[in-house]
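run-v3.tsv (TSV, C-alpha atoms and all ligand atoms)
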chain	number	residue	atom	x	y	z
A	3	MET	CA	13.58	3.48	20.13
A	4	SER	CA	14.89	6.08	17.75
A	5	PRO	CA	18.53	5.54	16.85
A	6	GLY	CA	18.45	8.39	14.31
A	7	PRO	CA	19.14	8.23	10.61
A	8	PRO	CA	21.18	5.21	9.58
A	9	SER	CA	24.62	5.94	8.19
A	10	CYS	CA	25.21	3.48	5.37
A	11	TYR	CA	24.27	0.06	6.68
A	12	ASP	CA	26.64	-2.82	6.14
A	13	PRO	CA	25.28	-4.80	3.23
A	14	ARG	CA	23.68	-7.82	4.80
A	15	VAL	CA	24.59	-11.23	3.54
A	16	THR	CA	21.13	-12.37	2.54
A	17	SER	CA	19.54	-13.47	-0.66
A	18	ASP	CA	15.98	-12.69	0.50
A	19	PRO	CA	13.98	-10.98	-2.22
A	20	ILE	CA	13.12	-7.37	-1.67
A	21	GLY	CA	10.43	-4.97	-2.89
A	22	LEU	CA	10.93	-1.42	-4.12
A	23	TYR	CA	8.34	1.29	-3.50
A	24	LEU	CA	8.60	4.62	-5.31
A	25	HIS	CA	6.58	7.54	-4.01
A	26	ILE	CA	5.59	10.16	-6.58
A	27	PRO	CA	3.77	12.78	-4.51
A	28	PHE	CA	2.18	14.98	-7.19
A	29	CYS	CA	-1.57	15.30	-7.87
A	30	THR	CA	-3.66	17.54	-10.11
A	31	ALA	CA	-5.94	18.39	-7.16
A	32	LYS	CA	-6.12	17.26	-3.56
A	33	CYS	CA	-9.07	14.99	-2.74
A	34	GLY	CA	-10.98	16.07	0.38
A	35	TYR	CA	-10.57	12.75	2.22
A	36	CYS	CA	-6.87	12.28	1.43
A	37	ASP	CA	-4.12	12.49	4.02
A	38	PHE	CA	-1.42	10.88	1.86
A	39	ASN	CA	1.81	12.73	1.29
A	40	SER	CA	0.65	14.34	-1.94
A	41	TYR	CA	0.73	17.88	-3.32
A	42	ALA	CA	-1.32	19.68	-5.96
A	43	GLY	CA	0.26	22.30	-8.20
A	44	HIS	CA	3.85	21.04	-7.99
A	45	GLU	CA	3.95	19.16	-11.30
A	46	HIS	CA	6.82	21.39	-12.48
A	47	LEU	CA	9.03	19.45	-10.05
A	48	ILE	CA	8.45	16.10	-11.80
A	49	PRO	CA	11.54	16.10	-14.09
A	50	SER	CA	14.01	16.98	-11.34
A	51	TYR	CA	12.23	14.67	-8.89
A	52	THR	CA	12.75	11.75	-11.32
A	53	GLY	CA	16.47	12.46	-11.28
A	54	THR	CA	16.46	12.56	-7.48
A	55	LEU	CA	14.74	9.19	-7.22
A	56	LEU	CA	17.55	7.65	-9.22
A	57	LYS	CA	20.17	9.44	-7.15
A	58	GLU	CA	18.55	8.06	-4.02
A	59	ALA	CA	18.48	4.58	-5.56
A	60	SER	CA	22.23	4.83	-6.14
A	61	LEU	CA	22.72	5.68	-2.44
A	62	TRP	CA	21.11	2.36	-1.48
A	63	ARG	CA	22.83	0.21	-4.11
A	64	ALA	CA	25.48	-1.21	-1.80
A	65	THR	CA	22.98	-1.90	0.99
A	66	VAL	CA	20.58	-3.81	-1.25
A	67	GLY	CA	23.43	-5.55	-3.04
A	68	GLN	CA	22.39	-8.52	-5.11
A	69	ARG	CA	19.12	-9.20	-3.32
A	70	PRO	CA	16.61	-9.91	-6.09
A	71	VAL	CA	14.00	-7.21	-6.60
A	72	ALA	CA	10.79	-9.24	-6.78
A	73	THR	CA	8.34	-6.35	-6.92
A	74	VAL	CA	8.30	-2.66	-7.78
A	75	PHE	CA	5.36	-0.41	-6.93
A	76	PHE	CA	4.96	3.19	-8.05
A	77	GLY	CA	2.49	4.89	-5.71
A	78	GLY	CA	1.58	8.39	-4.73
A	79	GLY	CA	0.26	10.84	-5.30
A	80	THR	CA	-0.56	10.25	-8.89
A	81	PRO	CA	2.41	8.53	-10.56
A	82	SER	CA	0.52	8.55	-13.87
A	83	LEU	CA	0.99	12.35	-14.00
A	84	SER	CA	4.64	11.71	-14.87
A	85	PRO	CA	5.33	11.62	-18.63
A	86	VAL	CA	6.02	8.17	-19.98
A	87	ASP	CA	9.65	9.05	-20.73
A	88	GLU	CA	10.18	9.88	-17.06
A	89	MET	CA	8.64	6.58	-16.01
A	90	ARG	CA	10.81	4.67	-18.46
A	91	ALA	CA	13.90	6.51	-17.22
A	92	ILE	CA	13.12	5.60	-13.61
A	93	LEU	CA	12.49	1.95	-14.40
A	94	ASP	CA	15.60	1.66	-16.59
A	95	GLY	CA	17.64	3.36	-13.87
A	96	LEU	CA	16.35	0.98	-11.22
A	97	ARG	CA	17.16	-2.02	-13.41
A	98	ALA	CA	20.69	-0.70	-13.85
A	99	THR	CA	21.07	-0.18	-10.08
A	100	PHE	CA	19.48	-3.29	-8.58
A	101	ALA	CA	19.18	-6.98	-9.51
A	102	PHE	CA	15.63	-7.38	-10.81
A	103	ALA	CA	14.08	-10.86	-10.69
A	104	PRO	CA	13.23	-11.94	-14.26
A	105	ASP	CA	9.51	-12.14	-13.41
A	106	ALA	CA	9.37	-9.02	-11.22
A	107	GLU	CA	5.89	-7.57	-10.73
A	108	VAL	CA	6.02	-3.88	-11.72
A	109	SER	CA	2.88	-1.95	-10.70
A	110	LEU	CA	1.74	1.59	-11.18
A	111	GLU	CA	-1.09	3.45	-9.47
A	112	ALA	CA	-3.02	5.49	-11.99
A	113	ASN	CA	-5.74	8.09	-11.87
A	114	PRO	CA	-8.41	7.65	-14.57
A	115	GLY	CA	-8.27	11.40	-15.19
A	116	SER	CA	-4.68	11.18	-16.43
A	117	LEU	CA	-4.62	8.12	-18.73
A	118	SER	CA	-4.62	7.62	-22.48
A	119	GLU	CA	-4.08	4.46	-24.50
A	120	GLN	CA	-0.89	5.90	-25.97
A	121	TYR	CA	0.48	6.64	-22.51
A	122	LEU	CA	-0.46	3.18	-21.28
A	123	ARG	CA	1.18	1.53	-24.31
A	124	GLY	CA	4.34	3.43	-23.44
A	125	LEU	CA	4.20	2.16	-19.87
A	126	ARG	CA	3.67	-1.42	-21.03
A	127	GLU	CA	6.66	-1.14	-23.40
A	128	ALA	CA	8.76	0.32	-20.57
A	129	GLY	CA	8.11	-2.83	-18.53
A	130	PHE	CA	5.13	-2.06	-16.31
A	131	ASN	CA	3.02	-5.22	-16.08
A	132	ARG	CA	0.36	-4.36	-13.49
A	133	LEU	CA	-1.93	-1.36	-13.31
A	134	SER	CA	-3.96	-0.19	-10.32
A	135	ILE	CA	-6.66	2.29	-11.32
A	136	GLY	CA	-8.07	4.59	-8.63
A	137	VAL	CA	-11.73	4.49	-9.64
A	138	GLN	CA	-13.17	4.95	-6.12
A	139	SER	CA	-16.79	5.03	-7.35
A	140	PHE	CA	-18.82	4.56	-10.52
A	141	ASP	CA	-21.31	7.24	-9.43
A	142	ASP	CA	-20.55	10.74	-10.68
A	143	GLU	CA	-22.21	12.41	-7.69
A	144	GLU	CA	-20.12	10.36	-5.29
A	145	LEU	CA	-16.99	11.25	-7.27
A	146	VAL	CA	-17.83	14.94	-6.76
A	147	VAL	CA	-18.25	14.34	-3.01
A	148	LEU	CA	-14.80	12.71	-3.01
A	149	ASP	CA	-13.30	15.62	-5.03
A	150	ARG	CA	-12.08	13.20	-7.68
A	151	ILE	CA	-10.97	14.80	-10.96
A	152	HIS	CA	-12.57	12.14	-13.17
A	153	THR	CA	-16.03	10.82	-14.03
A	154	ALA	CA	-17.30	7.24	-14.01
A	155	ALA	CA	-17.25	7.25	-17.84
A	156	GLN	CA	-13.57	8.28	-17.80
A	157	ALA	CA	-12.80	5.41	-15.43
A	158	LYS	CA	-14.37	2.95	-17.85
A	159	GLU	CA	-12.48	4.53	-20.75
A	160	ALA	CA	-9.23	4.26	-18.79
A	161	TYR	CA	-9.92	0.59	-18.12
A	162	ALA	CA	-10.62	-0.08	-21.80
A	163	ALA	CA	-7.44	1.80	-22.73
A	164	ALA	CA	-5.43	-0.33	-20.28
A	165	ARG	CA	-6.75	-3.51	-21.90
A	166	ALA	CA	-6.10	-2.16	-25.40
A	167	ALA	CA	-2.55	-1.25	-24.36
A	168	GLY	CA	-1.91	-4.84	-23.27
A	169	PHE	CA	-2.32	-4.75	-19.48
A	170	ASP	CA	-3.65	-8.16	-18.47
A	171	ASN	CA	-3.27	-7.59	-14.73
A	172	VAL	CA	-5.46	-4.70	-13.60
A	173	ASN	CA	-6.67	-3.70	-10.15
A	174	LEU	CA	-9.54	-1.34	-9.46
A	175	ASP	CA	-9.61	0.64	-6.21
A	176	LEU	CA	-13.04	1.54	-4.84
A	177	ILE	CA	-14.21	3.17	-1.62
A	178	TYR	CA	-17.42	2.19	0.18
A	179	GLY	CA	-19.19	3.56	3.24
A	180	LEU	CA	-19.39	7.11	1.92
A	181	PRO	CA	-21.51	9.64	3.84
A	182	GLU	CA	-25.20	8.70	3.50
A	183	GLN	CA	-24.38	6.08	0.86
A	184	PRO	CA	-27.15	3.46	0.84
A	185	LEU	CA	-26.24	-0.19	0.31
A	186	ALA	CA	-27.96	-0.08	-3.10
A	187	ALA	CA	-25.61	2.68	-4.29
A	188	TRP	CA	-22.54	0.68	-3.27
A	189	GLU	CA	-24.00	-2.39	-4.96
A	190	ARG	CA	-24.38	-0.43	-8.20
A	191	SER	CA	-20.76	0.73	-8.09
A	192	LEU	CA	-19.38	-2.70	-7.36
A	193	GLU	CA	-21.55	-4.35	-10.03
A	194	GLN	CA	-20.09	-1.95	-12.61
A	195	ALA	CA	-16.60	-2.88	-11.46
A	196	LEU	CA	-17.45	-6.58	-11.78
A	197	ALA	CA	-18.84	-6.04	-15.27
A	198	LEU	CA	-15.34	-4.94	-16.32
A	199	ALA	CA	-13.83	-8.21	-14.99
A	200	PRO	CA	-10.60	-6.88	-13.46
A	201	GLU	CA	-8.08	-9.37	-12.08
A	202	HIS	CA	-7.99	-7.67	-8.69
A	203	LEU	CA	-10.16	-5.44	-6.50
A	204	SER	CA	-9.04	-3.29	-3.54
A	205	LEU	CA	-12.07	-2.09	-1.59
A	206	TYR	CA	-11.65	0.24	1.36
A	207	ALA	CA	-14.15	1.74	3.79
A	208	LEU	CA	-13.93	5.52	3.84
A	209	THR	CA	-12.05	6.69	6.92
A	210	VAL	CA	-12.06	10.26	8.14
A	211	GLU	CA	-8.48	11.36	8.66
A	212	GLU	CA	-7.69	14.22	11.00
A	213	GLY	CA	-6.78	17.50	9.31
A	214	THR	CA	-8.47	16.71	5.98
A	215	PRO	CA	-11.16	18.93	4.42
A	216	LEU	CA	-13.58	16.02	4.90
A	217	ALA	CA	-12.89	15.99	8.67
A	218	ARG	CA	-13.45	19.76	8.81
A	219	ASP	CA	-16.71	19.51	6.84
A	220	ILE	CA	-17.94	16.83	9.22
A	221	ALA	CA	-16.93	18.89	12.26
A	222	ARG	CA	-18.88	21.88	10.90
A	223	GLY	CA	-21.94	19.73	10.25
A	224	ARG	CA	-21.76	20.15	6.46
A	225	VAL	CA	-21.21	16.45	5.81
A	226	THR	CA	-22.66	13.46	7.65
A	227	PRO	CA	-19.93	11.21	9.07
A	228	PRO	CA	-19.64	7.69	7.61
A	229	ASP	CA	-21.86	5.23	9.44
A	230	ALA	CA	-19.96	2.24	10.87
A	231	ASP	CA	-23.02	-0.02	10.77
A	232	ALA	CA	-23.69	0.85	7.13
A	233	GLN	CA	-20.03	0.17	6.31
A	234	ALA	CA	-20.23	-3.21	8.06
A	235	GLU	CA	-23.38	-4.10	6.10
A	236	GLN	CA	-21.70	-3.10	2.82
A	237	TYR	CA	-18.59	-5.09	3.70
A	238	GLU	CA	-20.64	-8.20	4.51
A	239	TRP	CA	-22.53	-7.94	1.23
A	240	THR	CA	-19.26	-7.39	-0.66
A	241	GLN	CA	-17.66	-10.53	0.74
A	242	ASP	CA	-20.61	-12.66	-0.37
A	243	ARG	CA	-20.95	-11.00	-3.77
A	244	LEU	CA	-17.30	-11.31	-4.69
A	245	ALA	CA	-17.15	-14.94	-3.59
A	246	ARG	CA	-20.08	-15.64	-5.95
A	247	ALA	CA	-18.22	-13.78	-8.72
A	248	GLY	CA	-15.16	-16.03	-8.34
A	249	TYR	CA	-12.83	-13.63	-6.55
A	250	GLU	CA	-10.73	-14.95	-3.66
A	251	GLN	CA	-10.60	-12.66	-0.68
A	252	TYR	CA	-7.00	-12.92	0.45
A	253	GLU	CA	-6.74	-9.87	2.69
A	254	ILE	CA	-9.18	-7.76	4.71
A	255	SER	CA	-9.65	-5.30	1.83
A	256	ASN	CA	-8.32	-7.19	-1.20
A	257	TRP	CA	-9.75	-9.75	-3.61
A	258	ALA	CA	-8.16	-11.40	-6.63
A	259	ARG	CA	-8.74	-13.90	-9.38
A	260	PRO	CA	-6.72	-17.08	-8.72
A	261	GLY	CA	-3.02	-16.37	-9.22
A	262	ARG	CA	-3.49	-12.59	-9.35
A	263	ARG	CA	-2.75	-11.49	-5.79
A	264	CYS	CA	-0.62	-8.38	-5.51
A	265	ALA	CA	2.88	-9.70	-4.87
A	266	HIS	CA	4.14	-6.33	-3.66
A	267	ASN	CA	1.49	-5.89	-0.99
A	268	LEU	CA	1.92	-9.53	0.05
A	269	LEU	CA	5.49	-8.68	0.86
A	270	TYR	CA	4.25	-6.05	3.35
A	271	TRP	CA	1.68	-8.36	4.90
A	272	ARG	CA	4.25	-11.11	5.25
A	273	ASN	CA	6.51	-8.68	7.10
A	274	ARG	CA	9.27	-8.90	4.49
A	275	GLU	CA	11.75	-6.18	3.65
A	276	TYR	CA	11.37	-3.37	1.13
A	277	LEU	CA	13.06	-0.14	0.18
A	278	GLY	CA	10.97	2.99	-0.27
A	279	LEU	CA	12.35	5.77	-2.46
A	280	GLY	CA	10.92	9.28	-2.62
A	281	ALA	CA	9.46	11.93	-0.34
A	282	GLY	CA	7.70	10.37	2.63
A	283	ALA	CA	8.42	6.80	1.52
A	284	HIS	CA	8.72	4.12	4.20
A	285	SER	CA	11.27	1.32	4.25
A	286	TYR	CA	12.03	-1.83	6.20
A	287	LEU	CA	15.58	-2.85	5.52
A	288	ASP	CA	18.15	-4.79	7.49
A	289	GLY	CA	15.86	-4.87	10.51
A	290	VAL	CA	15.32	-1.08	10.58
A	291	ARG	CA	12.08	0.72	9.72
A	292	PHE	CA	12.66	4.24	8.46
A	293	SER	CA	11.03	6.98	6.41
A	294	THR	CA	12.21	9.92	4.36
A	295	VAL	CA	11.28	13.60	4.78
A	296	LEU	CA	7.83	14.53	3.49
A	297	LEU	CA	8.33	17.67	1.40
A	298	PRO	CA	9.47	16.95	-2.17
A	299	GLN	CA	11.81	19.92	-2.47
A	300	ARG	CA	13.44	19.25	0.91
A	301	TYR	CA	13.79	15.60	-0.04
A	302	GLN	CA	15.59	16.59	-3.23
A	303	GLU	CA	17.98	18.91	-1.37
A	304	LEU	CA	18.78	16.26	1.22
A	305	VAL	CA	19.45	13.52	-1.34
A	306	ASP	CA	21.94	15.88	-2.98
A	307	GLU	CA	23.55	16.48	0.41
A	308	SER	CA	23.73	12.71	1.00
A	309	LEU	CA	25.54	12.26	-2.31
A	310	ALA	CA	27.91	15.09	-1.45
A	311	GLY	CA	28.42	13.48	1.95
A	312	ILE	CA	29.45	10.22	0.33
A	313	GLU	CA	31.95	12.11	-1.78
A	314	ASP	CA	33.31	13.53	1.49
A	315	GLY	CA	33.46	10.01	2.86
A	316	ARG	CA	30.66	10.60	5.38
A	317	GLY	CA	27.86	8.62	3.75
A	318	VAL	CA	24.98	9.78	5.96
A	319	MET	CA	21.49	9.29	4.54
A	320	ARG	CA	20.31	12.85	5.19
A	321	GLN	CA	16.91	12.33	3.53
A	322	VAL	CA	15.98	9.80	6.22
A	323	ALA	CA	13.71	11.57	8.71
A	324	GLY	CA	13.26	8.88	11.33
A	325	ALA	CA	14.36	5.32	11.96
A	326	GLU	CA	13.49	2.56	14.38
A	327	GLN	CA	15.53	-0.54	15.06
A	328	ILE	CA	13.01	-3.37	15.13
A	329	THR	CA	13.43	-5.42	18.28
A	330	PRO	CA	12.34	-9.07	18.29
A	331	GLU	CA	9.24	-8.03	20.29
A	332	LEU	CA	8.26	-5.46	17.66
A	333	ALA	CA	9.04	-7.83	14.82
A	334	MET	CA	6.75	-10.49	16.32
A	335	ALA	CA	3.95	-7.93	16.83
A	336	ASP	CA	4.35	-6.70	13.24
A	337	GLU	CA	4.29	-10.29	11.99
A	338	LEU	CA	0.92	-10.84	13.65
A	339	ILE	CA	-0.65	-7.46	12.93
A	340	LEU	CA	0.32	-7.63	9.27
A	341	GLY	CA	-0.08	-11.38	8.78
A	342	LEU	CA	-3.53	-11.54	10.36
A	343	ARG	CA	-4.74	-9.13	7.69
A	344	LEU	CA	-4.35	-12.08	5.32
A	345	VAL	CA	-7.35	-14.40	5.19
A	346	GLU	CA	-5.05	-17.43	5.46
A	347	GLY	CA	-3.62	-15.88	8.64
A	348	ILE	CA	-0.17	-16.70	9.90
A	349	SER	CA	1.51	-20.07	9.80
A	350	ARG	CA	2.44	-21.18	13.31
A	351	ALA	CA	5.38	-23.20	11.95
A	352	ALA	CA	6.71	-20.22	9.95
A	353	PHE	CA	6.40	-17.98	13.03
A	354	ALA	CA	8.35	-20.50	15.14
A	355	ASP	CA	11.00	-20.84	12.41
A	356	ARG	CA	11.45	-17.09	12.16
A	357	TYR	CA	11.43	-16.17	15.86
A	358	GLY	CA	12.37	-19.40	17.65
A	359	ARG	CA	9.22	-19.20	19.78
A	360	ASP	CA	5.75	-20.63	19.53
A	361	VAL	CA	3.15	-17.94	18.85
A	362	ARG	CA	1.13	-19.18	21.86
A	363	GLU	CA	4.10	-18.79	24.16
A	364	VAL	CA	4.20	-15.07	23.26
A	365	TYR	CA	0.53	-14.21	22.71
A	366	GLY	CA	-1.41	-17.03	24.44
A	367	GLY	CA	-3.44	-14.63	26.62
A	368	VAL	CA	-4.59	-12.41	23.75
A	369	ILE	CA	-5.24	-15.42	21.51
A	370	ASP	CA	-7.49	-17.02	24.15
A	371	GLU	CA	-9.33	-13.75	24.77
A	372	PHE	CA	-10.04	-13.00	21.10
A	373	THR	CA	-10.81	-16.63	20.28
A	374	GLY	CA	-13.35	-16.39	23.10
A	375	TYR	CA	-14.94	-13.33	21.45
A	376	GLY	CA	-15.18	-15.25	18.18
A	377	LEU	CA	-12.77	-12.90	16.38
A	378	LEU	CA	-9.81	-15.27	16.04
A	379	GLU	CA	-9.54	-18.95	15.25
A	380	GLU	CA	-6.74	-21.45	15.58
A	381	THR	CA	-6.35	-24.35	13.20
A	382	ALA	CA	-3.74	-27.08	13.46
A	383	THR	CA	-1.39	-25.00	11.31
A	384	HIS	CA	-2.58	-21.38	11.31
A	385	LEU	CA	-3.89	-18.54	13.41
A	386	ARG	CA	-6.40	-16.35	11.56
A	387	LEU	CA	-9.22	-13.88	11.88
A	388	THR	CA	-12.78	-15.14	11.63
A	389	ARG	CA	-15.16	-13.42	9.25
A	390	ARG	CA	-16.39	-11.31	12.19
A	391	GLY	CA	-12.80	-10.67	13.19
A	392	ARG	CA	-12.14	-9.08	9.82
A	393	LEU	CA	-14.74	-6.44	10.72
A	394	LEU	CA	-13.25	-5.74	14.14
A	395	SER	CA	-9.57	-6.36	13.47
A	396	ASN	CA	-8.39	-3.02	14.86
A	397	GLU	CA	-9.44	-3.98	18.38
A	398	LEU	CA	-7.16	-7.00	18.21
A	399	PHE	CA	-4.28	-5.21	16.50
A	400	GLN	CA	-4.22	-2.58	19.27
A	401	ARG	CA	-3.81	-5.32	21.83
A	402	LEU	CA	-0.92	-6.95	19.99
A	403	LEU	CA	1.22	-3.82	20.00
A	404	PRO	CA	3.97	-4.01	22.61
A	405	GLN	CA	3.45	-1.64	25.53
A	406	PRO	CA	5.83	1.37	25.36
A	407	ALA	CA	8.16	-0.15	27.97
A	408	GLU	CA	8.47	-3.34	25.90
A	409	ALA	CA	8.90	-1.40	22.63
A	410	THR	CA	11.92	0.51	23.89
A	411	ALA	CA	13.47	-2.36	25.84
A	501	LIG	S1	-5.46	11.38	-6.24
A	501	LIG	FE1	-4.96	9.98	-4.53
A	501	LIG	S2	-3.08	10.77	-3.60
A	501	LIG	FE2	-3.93	12.42	-4.93
A	501	LIG	S3	-5.14	13.66	-3.52
A	501	LIG	FE3	-6.56	12.17	-4.43
A	501	LIG	S4	-6.55	10.40	-3.00
A	501	LIG	FE4	-4.79	11.71	-2.49
Would you put the structure from the file into structure tokens?
Amino acid sequence: MSPGPPSCYDPRVTSDPIGLYLHIPFCTAKCGYCDFNSYAGHEHLIPSYTGTLLKEASLWRATVGQRPVATVFFGGGTPSLSPVDEMRAILDGLRATFAFAPDAEVSLEANPGSLSEQYLRGLREAGFNRLSIGVQSFDDEELVVLDRIHTAAQAKEAYAAARAAGFDNVNLDLIYGLPEQPLAAWERSLEQALALAPEHLSLYALTVEEGTPLARDIARGRVTPPDADAQAEQYEWTQDRLARAGYEQYEISNWARPGRRCAHNLLYWRNREYLGLGAGAHSYLDGVRFSTVLLPQRYQELVDESLAGIEDGRGVMRQVAGAEQITPELAMADELILGLRLVEGISRAAFADRYGRDVREVYGGVIDEFTGYGLLEETATHLRLTRRGRLLSNELFQRLLPQPAEATA
């Protein structure tokens, strides 16, 4: 169902916490595997883009109302390309616009090639309290294959600078299952990450996204495609190794020290609401999922038009590119697809509370089928993936999606 761009929702009477996501789509260079909404060579837009983010925030002020902002996440792109004064201005502007929870988690994604201790100190003083460093690998040759702009040594320097600047909640992002990457090479990378003792690790298998330079290189036979069996072997080893190192796996691709789970991402996996600001950002607000236009300059023009529209009394969110009213059927499917990513799974009681139906009443057939395959398990209180199910979760998630007829009903 596509009802078109929303025109100023009625503020909902709810006190549910909300997350804010800010998309900063600028990068120094485009990595060959990346299909994110990010652009190289547009850094000159950063100052005006900062202003637009705050204008867009002001457009949503009445909709969000007094709902406490529990988490803020700056992603991209490479948010750490923005000067510290710009980052402070955005954060101050958001605080002035929305009601931040006193203990709000404020995260920033950072590229090791664009970090200095002075910059990180500035971020810490501005109120950022969690840093996610995109290391991807501790092998310089692998970093070249991935087109990353930094070396392994720079990643370690960036980590040390983050600690020196006072960040005590740091995530490292790494990618495994690279073309022709032997298990031993992945082990070496992960061991170097563990030696740094971060609070959190996000570890993703390399996926080949259509339209990327990596996909083209594979199609032309220049690069060997990632091997699914090798990725599975690396994932299995990783789960065991991180358990021994004292990290809790709490999601298919995420591990944390006790008490250090990423609150912002938990909000997604628990199917809670969030507002995305910026070009190509996604939102889930007042039961509607929507996204903004992708191109930064077009996004900026449309936000200006939205503001002008409000002055004319029209109040249409012109920067919104597409929206979908979430039916109860879609909301239940989302709840399962997102919630089953969590190792604890979904609480049957919470599902029944939220939707007024028992999860078995809705999905009994699929649950029996995938329990039979050994991919799902039911406990007295929860429904969750088995260890094998975490490897093959996409098969199950496909089956949980409502058929098109149901989705548009
Ligand atoms: S730095 Fe991140 S967002 Fe930018 S091109 Fe590379 S993978 Fe994509």
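With distances restricted to all atoms listed in the file, A:Leu378 is the closest residue to Glu397 in chain A from A:Leu378, A:His25, A:Arg165, A:His384.
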Practice task
Name all residues at most 12 Å from Ala352 in chain A (count all atoms listed in the file; drop same-chain ones fewer than 3 positions away) and give them as a ChimeraX atom specification.
Solution key: /A:272-273,334,337-338,341,347-349,355-361,383-385
Exercise: residues within 10 Å of coordinate (-19.2, 8.9, -8.4), counting all atoms listed in the file, as a JSON list (two decimals) with C-alpha atoms, in the coordinates of the input:
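Written file, result32.json:
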[["chain", "number", "residue", "atom", "x", "y", "z"],
["A", 137, "VAL", "CA", -11.73, 4.49, -9.64],
["A", 138, "GLN", "CA", -13.17, 4.95, -6.12],
["A", 139, "SER", "CA", -16.79, 5.03, -7.35],
["A", 140, "PHE", "CA", -18.82, 4.56, -10.52],
["A", 141, "ASP", "CA", -21.31, 7.24, -9.43],
["A", 142, "ASP", "CA", -20.55, 10.74, -10.68],
["A", 143, "GLU", "CA", -22.21, 12.41, -7.69],
["A", 144, "GLU", "CA", -20.12, 10.36, -5.29],
["A", 145, "LEU", "CA", -16.99, 11.25, -7.27],
["A", 146, "VAL", "CA", -17.83, 14.94, -6.76],
["A", 147, "VAL", "CA", -18.25, 14.34, -3.01],
["A", 148, "LEU", "CA", -14.80, 12.71, -3.01],
["A", 149, "ASP", "CA", -13.30, 15.62, -5.03],
["A", 150, "ARG", "CA", -12.08, 13.20, -7.68],
["A", 152, "HIS", "CA", -12.57, 12.14, -13.17],
["A", 153, "THR", "CA", -16.03, 10.82, -14.03],
["A", 154, "ALA", "CA", -17.30, 7.24, -14.01],
["A", 155, "ALA", "CA", -17.25, 7.25, -17.84],
["A", 187, "ALA", "CA", -25.61, 2.68, -4.29],
["A", 191, "SER", "CA", -20.76, 0.73, -8.09]]
Handout entry: Within-12 Å shell of (6.7, -3.8, -4.0) in input frame, only C-alpha atoms, as a ChimeraX atom specification
Key = /A:19-25,70-77,102,106-111,132,264-271,274-279,284-286
Export C-alpha atoms of the chosen residues as a short mmCIF file (atom, residue, chain, number, x, y, z; two decimals), in the coordinates of the input?
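As a result, again-v1.cif now contains:
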data_model
loop_
_atom_site.label_atom_id
_atom_site.label_comp_id
_atom_site.auth_asym_id
_atom_site.auth_seq_id
_atom_site.Cartn_x
_atom_site.Cartn_y
_atom_site.Cartn_z
CA PRO A 19 13.98 -10.98 -2.22
CA ILE A 20 13.12 -7.37 -1.67
CA GLY A 21 10.43 -4.97 -2.89
CA LEU A 22 10.93 -1.42 -4.12
CA TYR A 23 8.34 1.29 -3.50
CA LEU A 24 8.60 4.62 -5.31
CA HIS A 25 6.58 7.54 -4.01
CA PRO A 70 16.61 -9.91 -6.09
CA VAL A 71 14.00 -7.21 -6.60
CA ALA A 72 10.79 -9.24 -6.78
CA THR A 73 8.34 -6.35 -6.92
CA VAL A 74 8.30 -2.66 -7.78
CA PHE A 75 5.36 -0.41 -6.93
CA PHE A 76 4.96 3.19 -8.05
CA GLY A 77 2.49 4.89 -5.71
CA PHE A 102 15.63 -7.38 -10.81
CA ALA A 106 9.37 -9.02 -11.22
CA GLU A 107 5.89 -7.57 -10.73
CA VAL A 108 6.02 -3.88 -11.72
CA SER A 109 2.88 -1.95 -10.70
CA LEU A 110 1.74 1.59 -11.18
CA GLU A 111 -1.09 3.45 -9.47
CA ARG A 132 0.36 -4.36 -13.49
CA CYS A 264 -0.62 -8.38 -5.51
CA ALA A 265 2.88 -9.70 -4.87
CA HIS A 266 4.14 -6.33 -3.66
CA ASN A 267 1.49 -5.89 -0.99
CA LEU A 268 1.92 -9.53 0.05
CA LEU A 269 5.49 -8.68 0.86
CA TYR A 270 4.25 -6.05 3.35
CA TRP A 271 1.68 -8.36 4.90
CA ARG A 274 9.27 -8.90 4.49
CA GLU A 275 11.75 -6.18 3.65
CA TYR A 276 11.37 -3.37 1.13
CA LEU A 277 13.06 -0.14 0.18
CA GLY A 278 10.97 2.99 -0.27
CA LEU A 279 12.35 5.77 -2.46
CA HIS A 284 8.72 4.12 4.20
CA SER A 285 11.27 1.32 4.25
CA TYR A 286 12.03 -1.83 6.20
#
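One finds CA of Asp231 in chain A at 19.0 Å from CA of Arg190 in chain A.
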Nearby polymer residues, ligand LIG 501 (chain A), at most 8 Å, all atoms listed in the file, as a short mmCIF file (atom, residue, chain, number, x, y, z; two decimals) with C-alpha atoms, in the frame of the given file:
data_model
loop_
_atom_site.label_atom_id
_atom_site.label_comp_id
_atom_site.auth_asym_id
_atom_site.auth_seq_id
_atom_site.Cartn_x
_atom_site.Cartn_y
_atom_site.Cartn_z
CA PRO A 27 3.77 12.78 -4.51
CA PHE A 28 2.18 14.98 -7.19
CA CYS A 29 -1.57 15.30 -7.87
CA THR A 30 -3.66 17.54 -10.11
CA ALA A 31 -5.94 18.39 -7.16
CA LYS A 32 -6.12 17.26 -3.56
CA CYS A 33 -9.07 14.99 -2.74
CA GLY A 34 -10.98 16.07 0.38
CA TYR A 35 -10.57 12.75 2.22
CA CYS A 36 -6.87 12.28 1.43
CA ASP A 37 -4.12 12.49 4.02
CA PHE A 38 -1.42 10.88 1.86
CA ASN A 39 1.81 12.73 1.29
CA SER A 40 0.65 14.34 -1.94
CA TYR A 41 0.73 17.88 -3.32
CA ALA A 42 -1.32 19.68 -5.96
CA GLY A 78 1.58 8.39 -4.73
CA GLY A 79 0.26 10.84 -5.30
CA THR A 80 -0.56 10.25 -8.89
CA ASN A 113 -5.74 8.09 -11.87
CA GLY A 136 -8.07 4.59 -8.63
CA ASP A 149 -13.30 15.62 -5.03
CA ARG A 150 -12.08 13.20 -7.68
#
